[in-house]
>>> print(open('my_file.cif').read())   # mmCIF, C-alpha atoms
data_work
loop_
_atom_site.group_PDB
_atom_site.id
_atom_site.type_symbol
_atom_site.label_atom_id
_atom_site.label_comp_id
_atom_site.auth_asym_id
_atom_site.auth_seq_id
_atom_site.Cartn_x
_atom_site.Cartn_y
_atom_site.Cartn_z
ATOM 1 C CA MET C 1397 -37.744 -43.152 12.331
ATOM 2 C CA SER C 1398 -36.970 -40.462 9.806
ATOM 3 C CA LEU C 1399 -33.938 -40.948 7.617
ATOM 4 C CA LEU C 1400 -33.706 -37.233 6.959
ATOM 5 C CA THR C 1401 -30.942 -35.303 8.635
ATOM 6 C CA PRO C 1402 -32.031 -31.872 9.832
ATOM 7 C CA PHE C 1403 -30.046 -30.275 7.023
ATOM 8 C CA LYS C 1404 -31.674 -32.412 4.362
ATOM 9 C CA ARG C 1405 -35.115 -31.617 5.639
ATOM 10 C CA ALA C 1406 -34.347 -27.905 5.854
ATOM 11 C CA SER C 1407 -32.988 -27.775 2.308
ATOM 12 C CA GLY C 1408 -36.344 -28.984 1.002
ATOM 13 C CA LEU C 1409 -34.741 -30.548 -2.039
ATOM 14 C CA GLY C 1410 -36.121 -34.065 -1.702
ATOM 15 C CA THR C 1411 -34.720 -37.293 -3.059
ATOM 16 C CA THR C 1412 -33.794 -36.049 -6.525
ATOM 17 C CA SER C 1413 -31.814 -33.109 -5.156
ATOM 18 C CA ASP C 1414 -33.924 -30.805 -7.264
ATOM 19 C CA GLY C 1415 -37.047 -30.372 -5.233
ATOM 20 C CA VAL C 1416 -40.075 -28.733 -6.699
ATOM 21 C CA LYS C 1417 -38.178 -26.099 -8.705
ATOM 22 C CA HIS C 1418 -38.395 -27.947 -12.045
ATOM 23 C CA TRP C 1419 -42.101 -28.574 -11.605
ATOM 24 C CA TRP C 1420 -42.772 -24.971 -10.647
ATOM 25 C CA MET C 1421 -40.738 -23.451 -13.486
ATOM 26 C CA GLN C 1422 -42.666 -25.605 -15.965
ATOM 27 C CA ARG C 1423 -45.916 -24.118 -14.647
ATOM 28 C CA VAL C 1424 -44.636 -20.539 -14.629
ATOM 29 C CA THR C 1425 -43.448 -20.733 -18.233
ATOM 30 C CA ALA C 1426 -46.716 -22.434 -19.176
ATOM 31 C CA VAL C 1427 -48.818 -19.631 -17.732
ATOM 32 C CA ALA C 1428 -46.627 -16.992 -19.398
ATOM 33 C CA LEU C 1429 -46.921 -18.775 -22.714
ATOM 34 C CA ILE C 1430 -50.724 -18.607 -22.795
ATOM 35 C CA PRO C 1431 -50.943 -14.894 -23.646
ATOM 36 C CA LEU C 1432 -47.584 -14.881 -25.459
ATOM 37 C CA THR C 1433 -48.527 -17.717 -27.786
ATOM 38 C CA LEU C 1434 -52.025 -16.460 -28.514
ATOM 39 C CA TRP C 1435 -50.645 -13.018 -29.329
ATOM 40 C CA LEU C 1436 -47.818 -14.384 -31.494
ATOM 41 C CA VAL C 1437 -49.869 -16.763 -33.560
ATOM 42 C CA PHE C 1438 -52.733 -14.376 -34.290
ATOM 43 C CA ALA C 1439 -50.450 -11.380 -34.858
ATOM 44 C CA VAL C 1440 -48.265 -13.284 -37.308
ATOM 45 C CA ALA C 1441 -51.336 -14.623 -39.096
ATOM 46 C CA ALA C 1442 -52.768 -11.117 -39.364
ATOM 47 C CA HIS C 1443 -49.505 -9.886 -40.878
ATOM 48 C CA SER C 1444 -49.069 -12.789 -43.267
ATOM 49 C CA GLY C 1445 -48.952 -11.830 -46.899
ATOM 50 C CA GLU C 1446 -47.573 -8.377 -46.222
ATOM 51 C CA ASP C 1447 -44.457 -7.154 -47.954
ATOM 52 C CA TYR C 1448 -41.010 -7.091 -46.419
ATOM 53 C CA ALA C 1449 -41.000 -3.411 -45.488
ATOM 54 C CA THR C 1450 -44.290 -3.671 -43.623
ATOM 55 C CA VAL C 1451 -43.219 -6.786 -41.726
ATOM 56 C CA THR C 1452 -39.855 -5.360 -40.665
ATOM 57 C CA ALA C 1453 -41.495 -2.115 -39.575
ATOM 58 C CA TRP C 1454 -43.907 -4.143 -37.456
ATOM 59 C CA PHE C 1455 -40.955 -6.050 -35.933
ATOM 60 C CA ALA C 1456 -39.342 -2.754 -34.937
ATOM 61 C CA GLN C 1457 -42.314 -1.586 -32.908
ATOM 62 C CA PRO C 1458 -41.236 -1.838 -29.240
ATOM 63 C CA PHE C 1459 -44.262 -3.925 -28.204
ATOM 64 C CA THR C 1460 -43.670 -6.407 -31.025
ATOM 65 C CA THR C 1461 -39.971 -6.725 -30.324
ATOM 66 C CA THR C 1462 -40.603 -7.275 -26.639
ATOM 67 C CA MET C 1463 -43.350 -9.857 -27.111
ATOM 68 C CA LEU C 1464 -41.425 -11.757 -29.798
ATOM 69 C CA THR C 1465 -38.300 -11.937 -27.643
ATOM 70 C CA LEU C 1466 -40.243 -12.994 -24.572
ATOM 71 C CA PHE C 1467 -42.113 -15.632 -26.543
ATOM 72 C CA VAL C 1468 -38.938 -17.163 -27.979
ATOM 73 C CA PHE C 1469 -37.159 -17.177 -24.641
ATOM 74 C CA THR C 1470 -40.084 -18.640 -22.694
ATOM 75 C CA ALA C 1471 -41.090 -21.160 -25.363
ATOM 76 C CA PHE C 1472 -37.600 -22.586 -25.670
ATOM 77 C CA LEU C 1473 -37.267 -22.771 -21.880
ATOM 78 C CA HIS C 1474 -40.614 -24.596 -21.641
ATOM 79 C CA ALA C 1475 -39.565 -26.931 -24.460
ATOM 80 C CA VAL C 1476 -36.311 -27.823 -22.719
ATOM 81 C CA GLN C 1477 -38.206 -28.605 -19.515
ATOM 82 C CA GLY C 1478 -40.773 -30.771 -21.283
ATOM 83 C CA LEU C 1479 -38.240 -32.657 -23.383
ATOM 84 C CA THR C 1480 -36.117 -33.260 -20.285
ATOM 85 C CA VAL C 1481 -39.016 -35.090 -18.651
ATOM 86 C CA ILE C 1482 -39.650 -37.122 -21.806
ATOM 87 C CA ILE C 1483 -36.002 -38.137 -22.169
ATOM 88 C CA GLU C 1484 -35.849 -39.108 -18.511
ATOM 89 C CA ASP C 1485 -38.988 -41.211 -18.968
ATOM 90 C CA TYR C 1486 -37.944 -43.227 -21.977
ATOM 91 C CA ILE C 1487 -34.169 -43.519 -21.989
ATOM 92 C CA HIS C 1488 -32.810 -45.698 -19.231
ATOM 93 C CA HIS C 1489 -29.213 -46.260 -20.201
ATOM 94 C CA GLU C 1490 -27.455 -43.649 -18.095
ATOM 95 C CA GLY C 1491 -24.830 -42.647 -20.676
ATOM 96 C CA VAL C 1492 -27.299 -42.322 -23.545
ATOM 97 C CA LYS C 1493 -29.725 -40.416 -21.344
ATOM 98 C CA ILE C 1494 -27.161 -37.838 -20.289
ATOM 99 C CA ALA C 1495 -25.954 -37.426 -23.866
ATOM 100 C CA ALA C 1496 -29.537 -36.931 -25.041
ATOM 101 C CA LEU C 1497 -30.300 -34.415 -22.306
ATOM 102 C CA ILE C 1498 -27.237 -32.312 -23.008
ATOM 103 C CA GLY C 1499 -27.579 -32.609 -26.777
ATOM 104 C CA MET C 1500 -31.220 -31.530 -26.692
ATOM 105 C CA LYS C 1501 -30.397 -28.548 -24.498
ATOM 106 C CA LEU C 1502 -27.557 -27.443 -26.770
ATOM 107 C CA VAL C 1503 -29.728 -27.655 -29.881
ATOM 108 C CA LEU C 1504 -32.544 -25.654 -28.309
ATOM 109 C CA VAL C 1505 -30.135 -23.056 -26.924
ATOM 110 C CA LEU C 1506 -28.701 -22.710 -30.429
ATOM 111 C CA LEU C 1507 -32.114 -22.306 -32.047
ATOM 112 C CA GLY C 1508 -33.305 -19.943 -29.337
ATOM 113 C CA THR C 1509 -30.227 -17.732 -29.581
ATOM 114 C CA SER C 1510 -30.506 -17.604 -33.350
ATOM 115 C CA SER C 1511 -34.167 -16.655 -33.074
ATOM 116 C CA ILE C 1512 -33.604 -13.839 -30.599
ATOM 117 C CA LEU C 1513 -30.662 -12.478 -32.568
ATOM 118 C CA SER C 1514 -32.798 -12.508 -35.723
ATOM 119 C CA ILE C 1515 -35.525 -10.554 -33.960
ATOM 120 C CA LEU C 1516 -33.083 -7.975 -32.605
ATOM 121 C CA ARG C 1517 -31.313 -7.640 -35.916
ATOM 122 C CA VAL C 1518 -34.543 -6.860 -37.750
ATOM 123 C CA ALA C 1519 -35.803 -4.587 -34.983
ATOM 124 C CA PHE C 1520 -32.651 -2.486 -34.730
ATOM 125 C CA ALA C 1521 -30.890 -2.748 -38.062
ATOM 126 C CA GLY C 1522 -33.946 -2.634 -40.288
ATOM 127 C CA MET Y 1352 -28.752 -47.356 -13.062
ATOM 128 C CA LYS Y 1353 -30.950 -49.939 -14.746
ATOM 129 C CA THR Y 1354 -28.928 -52.747 -16.288
ATOM 130 C CA ALA Y 1355 -30.289 -55.067 -18.996
ATOM 131 C CA ASN Y 1356 -33.541 -56.314 -17.482
ATOM 132 C CA LYS Y 1357 -34.981 -59.508 -18.898
ATOM 133 C CA ARG Y 1358 -37.945 -59.754 -16.555
ATOM 134 C CA PRO Y 1359 -41.403 -59.630 -18.185
ATOM 135 C CA LEU Y 1360 -43.471 -56.464 -18.111
ATOM 136 C CA SER Y 1361 -47.181 -56.631 -17.418
ATOM 137 C CA PRO Y 1362 -49.061 -55.848 -20.654
ATOM 138 C CA HIS Y 1363 -50.611 -52.394 -20.963
ATOM 139 C CA LEU Y 1364 -50.961 -51.196 -24.547
ATOM 140 C CA GLN Y 1365 -52.116 -54.655 -25.637
ATOM 141 C CA VAL Y 1366 -54.905 -54.905 -23.068
ATOM 142 C CA TYR Y 1367 -56.276 -51.522 -22.065
ATOM 143 C CA LYS Y 1368 -59.034 -49.988 -24.177
ATOM 144 C CA PRO Y 1369 -58.015 -46.488 -25.272
ATOM 145 C CA GLN Y 1370 -60.027 -43.891 -23.395
ATOM 146 C CA LEU Y 1371 -60.373 -40.145 -23.697
ATOM 147 C CA THR Y 1372 -58.183 -39.688 -20.626
ATOM 148 C CA SER Y 1373 -55.240 -41.766 -21.806
ATOM 149 C CA VAL Y 1374 -55.478 -40.652 -25.442
ATOM 150 C CA LEU Y 1375 -55.554 -36.951 -24.573
ATOM 151 C CA SER Y 1376 -52.684 -37.472 -22.178
ATOM 152 C CA ILE Y 1377 -50.345 -39.022 -24.714
ATOM 153 C CA MET Y 1378 -51.489 -36.465 -27.285
ATOM 154 C CA HIS Y 1379 -50.377 -33.732 -24.926
ATOM 155 C CA ARG Y 1380 -46.931 -35.278 -24.830
ATOM 156 C CA GLY Y 1381 -46.960 -35.963 -28.577
ATOM 157 C CA THR Y 1382 -47.973 -32.421 -29.516
ATOM 158 C CA GLY Y 1383 -45.296 -31.156 -27.148
ATOM 159 C CA VAL Y 1384 -42.643 -33.058 -29.059
ATOM 160 C CA VAL Y 1385 -44.080 -31.911 -32.411
ATOM 161 C CA LEU Y 1386 -44.032 -28.299 -31.218
ATOM 162 C CA ALA Y 1387 -40.453 -28.638 -29.990
ATOM 163 C CA ILE Y 1388 -39.425 -29.898 -33.432
ATOM 164 C CA GLY Y 1389 -41.519 -27.111 -34.930
ATOM 165 C CA THR Y 1390 -39.360 -24.510 -33.223
ATOM 166 C CA LEU Y 1391 -37.142 -25.148 -36.220
ATOM 167 C CA LEU Y 1392 -39.878 -23.514 -38.305
ATOM 168 C CA VAL Y 1393 -39.948 -20.476 -36.037
ATOM 169 C CA THR Y 1394 -36.164 -20.125 -36.100
ATOM 170 C CA TYR Y 1395 -36.090 -20.550 -39.869
ATOM 171 C CA TRP Y 1396 -38.793 -17.958 -40.452
ATOM 172 C CA LEU Y 1397 -37.113 -15.403 -38.162
ATOM 173 C CA ALA Y 1398 -33.723 -15.987 -39.777
ATOM 174 C CA ALA Y 1399 -35.299 -15.558 -43.210
ATOM 175 C CA ILE Y 1400 -36.662 -12.165 -42.211
ATOM 176 C CA ALA Y 1401 -33.329 -11.143 -40.717
ATOM 177 C CA GLY Y 1402 -31.616 -12.222 -43.902
ATOM 178 C CA GLY Y 1403 -33.313 -9.654 -46.092
ATOM 179 C CA ALA Y 1404 -36.135 -9.295 -48.552
ATOM 180 C CA GLU Y 1405 -34.978 -12.122 -50.803
ATOM 181 C CA SER Y 1406 -34.727 -14.791 -48.101
ATOM 182 C CA PHE Y 1407 -38.051 -13.528 -46.745
ATOM 183 C CA ALA Y 1408 -39.674 -14.023 -50.152
ATOM 184 C CA ASN Y 1409 -38.172 -17.518 -50.371
ATOM 185 C CA ALA Y 1410 -39.482 -18.436 -46.942
ATOM 186 C CA ASN Y 1411 -42.936 -17.153 -47.833
ATOM 187 C CA ALA Y 1412 -42.904 -19.233 -51.003
ATOM 188 C CA ILE Y 1413 -41.943 -22.388 -49.133
ATOM 189 C CA LEU Y 1414 -44.312 -21.857 -46.213
ATOM 190 C CA GLY Y 1415 -47.077 -20.721 -48.568
ATOM 191 C CA SER Y 1416 -46.866 -23.794 -50.797
ATOM 192 C CA TRP Y 1417 -49.577 -26.403 -50.365
ATOM 193 C CA PHE Y 1418 -47.178 -28.614 -48.427
ATOM 194 C CA GLY Y 1419 -45.992 -25.704 -46.301
ATOM 195 C CA LYS Y 1420 -49.566 -24.746 -45.513
ATOM 196 C CA LEU Y 1421 -50.364 -28.329 -44.593
ATOM 197 C CA VAL Y 1422 -47.441 -28.433 -42.170
ATOM 198 C CA LEU Y 1423 -48.412 -25.054 -40.705
ATOM 199 C CA PHE Y 1424 -52.028 -26.153 -40.320
ATOM 200 C CA GLY Y 1425 -50.967 -29.292 -38.449
ATOM 201 C CA TRP Y 1426 -48.481 -27.370 -36.367
ATOM 202 C CA SER Y 1427 -51.051 -24.723 -35.430
ATOM 203 C CA TRP Y 1428 -53.559 -27.373 -34.378
ATOM 204 C CA ALA Y 1429 -50.838 -29.072 -32.284
ATOM 205 C CA LEU Y 1430 -50.115 -25.694 -30.710
ATOM 206 C CA PHE Y 1431 -53.744 -24.984 -29.818
ATOM 207 C CA TYR Y 1432 -54.326 -28.492 -28.529
ATOM 208 C CA HIS Y 1433 -51.230 -28.335 -26.327
ATOM 209 C CA LEU Y 1434 -52.307 -24.889 -25.104
ATOM 210 C CA SER Y 1435 -55.896 -25.941 -24.313
ATOM 211 C CA ASN Y 1436 -54.903 -29.214 -22.664
ATOM 212 C CA GLY Y 1437 -52.114 -27.332 -20.883
ATOM 213 C CA ILE Y 1438 -54.699 -25.063 -19.268
ATOM 214 C CA ARG Y 1439 -56.597 -28.237 -18.293
ATOM 215 C CA HIS Y 1440 -53.391 -29.436 -16.597
ATOM 216 C CA LEU Y 1441 -52.945 -26.119 -14.794
ATOM 217 C CA VAL Y 1442 -56.487 -26.386 -13.443
ATOM 218 C CA TRP Y 1443 -55.617 -29.849 -12.123
ATOM 219 C CA ASP Y 1444 -52.465 -28.411 -10.568
ATOM 220 C CA SER Y 1445 -54.656 -25.998 -8.637
ATOM 221 C CA GLY Y 1446 -56.444 -29.034 -7.199
ATOM 222 C CA HIS Y 1447 -59.735 -28.839 -9.070
ATOM 223 C CA GLY Y 1448 -61.572 -31.012 -11.551
ATOM 224 C CA PHE Y 1449 -60.327 -34.477 -10.661
ATOM 225 C CA ASP Y 1450 -63.664 -36.266 -10.547
ATOM 226 C CA LEU Y 1451 -64.265 -38.399 -13.593
ATOM 227 C CA PRO Y 1452 -67.215 -36.513 -15.132
ATOM 228 C CA SER Y 1453 -65.243 -33.262 -14.903
ATOM 229 C CA VAL Y 1454 -62.198 -34.902 -16.448
ATOM 230 C CA TYR Y 1455 -64.191 -36.088 -19.448
ATOM 231 C CA LEU Y 1456 -65.985 -32.753 -19.815
ATOM 232 C CA SER Y 1457 -62.786 -30.694 -19.635
ATOM 233 C CA GLY Y 1458 -61.190 -33.090 -22.095
ATOM 234 C CA LYS Y 1459 -63.915 -32.545 -24.650
ATOM 235 C CA ILE Y 1460 -63.748 -28.787 -24.080
ATOM 236 C CA ALA Y 1461 -59.993 -28.852 -24.657
ATOM 237 C CA VAL Y 1462 -60.353 -30.703 -27.950
ATOM 238 C CA GLY Y 1463 -63.207 -28.432 -29.046
ATOM 239 C CA ALA Y 1464 -61.255 -25.312 -28.135
ATOM 240 C CA SER Y 1465 -58.238 -26.518 -30.095
ATOM 241 C CA LEU Y 1466 -60.350 -27.045 -33.213
ATOM 242 C CA ALA Y 1467 -62.147 -23.718 -32.806
ATOM 243 C CA LEU Y 1468 -58.905 -21.777 -32.327
ATOM 244 C CA THR Y 1469 -57.324 -23.470 -35.336
ATOM 245 C CA ILE Y 1470 -60.254 -22.578 -37.547
ATOM 246 C CA LEU Y 1471 -60.283 -19.027 -36.189
ATOM 247 C CA LEU Y 1472 -56.587 -18.627 -36.888
ATOM 248 C CA TRP Y 1473 -56.864 -19.766 -40.470
ATOM 249 C CA LEU Y 1474 -59.771 -17.409 -41.048
ATOM 250 C CA VAL Y 1475 -57.564 -14.547 -39.836
ATOM 251 C CA ALA Y 1476 -54.526 -15.588 -41.868
#
>>> encode(input="my_file.cif", output="structure tokens")
Amino acid sequence: MSLLTPFKRASGLGTTSDGVKHWWMQRVTAVALIPLTLWLVFAVAAHSGEDYATVTAWFAQPFTTTMLTLFVFTAFLHAVQGLTVIIEDYIHHEGVKIAALIGMKLVLVLLGTSSILSILRVAFAG
Amino acid sequence: MKTANKRPLSPHLQVYKPQLTSVLSIMHRGTGVVLAIGTLLVTYWLAAIAGGAESFANANAILGSWFGKLVLFGWSWALFYHLSNGIRHLVWDSGHGFDLPSVYLSGKIAVGASLALTILLWLVA
């Protein structure tokens, strides 16, 4: 005898009320990060050692600005997802777990926002 | 909610021999945490550039010091390992490669790729 009401089965959310969305978003950001990360790391390495004017001019190129912003956004999203799973795995006290989850998210949102604003500032204000 | 649980756990770390599968798995999680902490580096570097030529020069000096380079080298290897093993995970998600010989082979490829990419990066830099 199924314990699912018709509504519950139709919603497709499962027992954790979240369904497969978390799992899927982790995979989507992972796939996006493959080209983004490879580009970022090798591009930055290629530009290392250059002077300030050259680096800021490179930042202002539309392709660079776009890729940098996308990388930061996607990487921080992926990091939040991964760290959420880790916190849920190892912290069992409900209050501490919730505090850790929220705290981690706030810190990464802060760092991510700062990063994107830095990129835009250099790209547009020179 | 799990209240204070005094019941004994069956031993795992004390009894199981470390294998490529389990070691690579925890390394994937470990490098993930290291990379998440390393986002501080990314944020710092970007803020230093946004701050002007002087802060940029300071950041370059710190990151270019022997200690800075050591940290960057470790961080870049962690990045490439997490990326290579991540692709290995995505292949599993597609339903392929679960038999044990394939698991061991893909594991060795992932480690090899991470080392190769790290070396390649530091040749470019």
>>> atom_distance(input="my_file.cif", atom1="CA of Trp1396 (chain Y)", atom2="CA of Phe1438 (chain C)")
15.7 Å
>>> interface_residues(input="my_file.cif", of="chain C", to="chain Y", cutoff="9 Å", atoms="all atoms listed in the file", output="PDB file with C-alpha atoms, keeping the file's coordinate frame")
ATOM      1  CA  ARG C1423     -45.916 -24.118 -14.647  1.00  0.00           C
ATOM      2  CA  ALA C1426     -46.716 -22.434 -19.176  1.00  0.00           C
ATOM      3  CA  VAL C1427     -48.818 -19.631 -17.732  1.00  0.00           C
ATOM      4  CA  LEU C1429     -46.921 -18.775 -22.714  1.00  0.00           C
ATOM      5  CA  ILE C1430     -50.724 -18.607 -22.795  1.00  0.00           C
ATOM      6  CA  THR C1433     -48.527 -17.717 -27.786  1.00  0.00           C
ATOM      7  CA  LEU C1434     -52.025 -16.460 -28.514  1.00  0.00           C
ATOM      8  CA  VAL C1437     -49.869 -16.763 -33.560  1.00  0.00           C
ATOM      9  CA  PHE C1438     -52.733 -14.376 -34.290  1.00  0.00           C
ATOM     10  CA  VAL C1440     -48.265 -13.284 -37.308  1.00  0.00           C
ATOM     11  CA  ALA C1441     -51.336 -14.623 -39.096  1.00  0.00           C
ATOM     12  CA  ALA C1442     -52.768 -11.117 -39.364  1.00  0.00           C
ATOM     13  CA  HIS C1443     -49.505  -9.886 -40.878  1.00  0.00           C
ATOM     14  CA  SER C1444     -49.069 -12.789 -43.267  1.00  0.00           C
ATOM     15  CA  GLY C1445     -48.952 -11.830 -46.899  1.00  0.00           C
ATOM     16  CA  ASP C1447     -44.457  -7.154 -47.954  1.00  0.00           C
ATOM     17  CA  TYR C1448     -41.010  -7.091 -46.419  1.00  0.00           C
ATOM     18  CA  ALA C1449     -41.000  -3.411 -45.488  1.00  0.00           C
ATOM     19  CA  VAL C1451     -43.219  -6.786 -41.726  1.00  0.00           C
ATOM     20  CA  THR C1452     -39.855  -5.360 -40.665  1.00  0.00           C
ATOM     21  CA  VAL C1468     -38.938 -17.163 -27.979  1.00  0.00           C
ATOM     22  CA  ALA C1471     -41.090 -21.160 -25.363  1.00  0.00           C
ATOM     23  CA  PHE C1472     -37.600 -22.586 -25.670  1.00  0.00           C
ATOM     24  CA  ALA C1475     -39.565 -26.931 -24.460  1.00  0.00           C
ATOM     25  CA  VAL C1476     -36.311 -27.823 -22.719  1.00  0.00           C
ATOM     26  CA  GLY C1478     -40.773 -30.771 -21.283  1.00  0.00           C
ATOM     27  CA  LEU C1479     -38.240 -32.657 -23.383  1.00  0.00           C
ATOM     28  CA  ILE C1482     -39.650 -37.122 -21.806  1.00  0.00           C
ATOM     29  CA  HIS C1488     -32.810 -45.698 -19.231  1.00  0.00           C
ATOM     30  CA  HIS C1489     -29.213 -46.260 -20.201  1.00  0.00           C
ATOM     31  CA  GLU C1490     -27.455 -43.649 -18.095  1.00  0.00           C
ATOM     32  CA  LEU C1504     -32.544 -25.654 -28.309  1.00  0.00           C
ATOM     33  CA  LEU C1507     -32.114 -22.306 -32.047  1.00  0.00           C
ATOM     34  CA  GLY C1508     -33.305 -19.943 -29.337  1.00  0.00           C
ATOM     35  CA  SER C1510     -30.506 -17.604 -33.350  1.00  0.00           C
ATOM     36  CA  SER C1511     -34.167 -16.655 -33.074  1.00  0.00           C
ATOM     37  CA  ILE C1512     -33.604 -13.839 -30.599  1.00  0.00           C
ATOM     38  CA  LEU C1513     -30.662 -12.478 -32.568  1.00  0.00           C
ATOM     39  CA  SER C1514     -32.798 -12.508 -35.723  1.00  0.00           C
ATOM     40  CA  ILE C1515     -35.525 -10.554 -33.960  1.00  0.00           C
ATOM     41  CA  LEU C1516     -33.083  -7.975 -32.605  1.00  0.00           C
ATOM     42  CA  ARG C1517     -31.313  -7.640 -35.916  1.00  0.00           C
ATOM     43  CA  VAL C1518     -34.543  -6.860 -37.750  1.00  0.00           C
ATOM     44  CA  GLY C1522     -33.946  -2.634 -40.288  1.00  0.00           C
TER      45      GLY C1522
END
>>> atom_distance(input="my_file.cif", atom1="CA of Phe1467 (chain C)", atom2="CA of Ile1494 (chain C)")
27.5 Å
>>> atom_distance(input="my_file.cif", atom1="CA of Val1422 (chain Y)", atom2="CA of Ser1376 (chain Y)")
22.6 Å
>>> build_atoms(input="my_file.cif", residues="region 1454-1467 of chain Y", atoms="N, CA and C atoms", output="short mmCIF file (atom, residue, chain, number, x, y, z; two decimals), in the frame of the given file")
data_model
loop_
_atom_site.label_atom_id
_atom_site.label_comp_id
_atom_site.auth_asym_id
_atom_site.auth_seq_id
_atom_site.Cartn_x
_atom_site.Cartn_y
_atom_site.Cartn_z
N VAL Y 1454 -63.35 -34.59 -15.61
CA VAL Y 1454 -62.20 -34.90 -16.45
C VAL Y 1454 -62.64 -35.11 -17.89
N TYR Y 1455 -63.71 -35.85 -18.09
CA TYR Y 1455 -64.19 -36.09 -19.45
C TYR Y 1455 -64.72 -34.81 -20.09
N LEU Y 1456 -65.43 -33.99 -19.27
CA LEU Y 1456 -65.98 -32.75 -19.82
C LEU Y 1456 -64.87 -31.80 -20.21
N SER Y 1457 -63.88 -31.62 -19.32
CA SER Y 1457 -62.79 -30.69 -19.64
C SER Y 1457 -61.99 -31.20 -20.83
N GLY Y 1458 -61.90 -32.53 -20.95
CA GLY Y 1458 -61.19 -33.09 -22.10
C GLY Y 1458 -61.87 -32.74 -23.40
N LYS Y 1459 -63.18 -32.88 -23.42
CA LYS Y 1459 -63.92 -32.54 -24.65
C LYS Y 1459 -63.83 -31.05 -24.94
N ILE Y 1460 -63.88 -30.23 -23.88
CA ILE Y 1460 -63.75 -28.79 -24.08
C ILE Y 1460 -62.39 -28.46 -24.66
N ALA Y 1461 -61.34 -29.12 -24.16
CA ALA Y 1461 -59.99 -28.85 -24.66
C ALA Y 1461 -59.88 -29.18 -26.14
N VAL Y 1462 -60.42 -30.33 -26.54
CA VAL Y 1462 -60.35 -30.70 -27.95
C VAL Y 1462 -61.16 -29.72 -28.79
N GLY Y 1463 -62.37 -29.39 -28.32
CA GLY Y 1463 -63.21 -28.43 -29.05
C GLY Y 1463 -62.54 -27.09 -29.18
N ALA Y 1464 -61.93 -26.61 -28.09
CA ALA Y 1464 -61.26 -25.31 -28.14
C ALA Y 1464 -60.11 -25.34 -29.14
N SER Y 1465 -59.37 -26.45 -29.17
CA SER Y 1465 -58.24 -26.52 -30.10
C SER Y 1465 -58.72 -26.43 -31.54
N LEU Y 1466 -59.84 -27.10 -31.85
CA LEU Y 1466 -60.35 -27.04 -33.21
C LEU Y 1466 -60.87 -25.65 -33.53
N ALA Y 1467 -61.60 -25.05 -32.58
CA ALA Y 1467 -62.15 -23.72 -32.81
C ALA Y 1467 -61.04 -22.69 -33.02
#
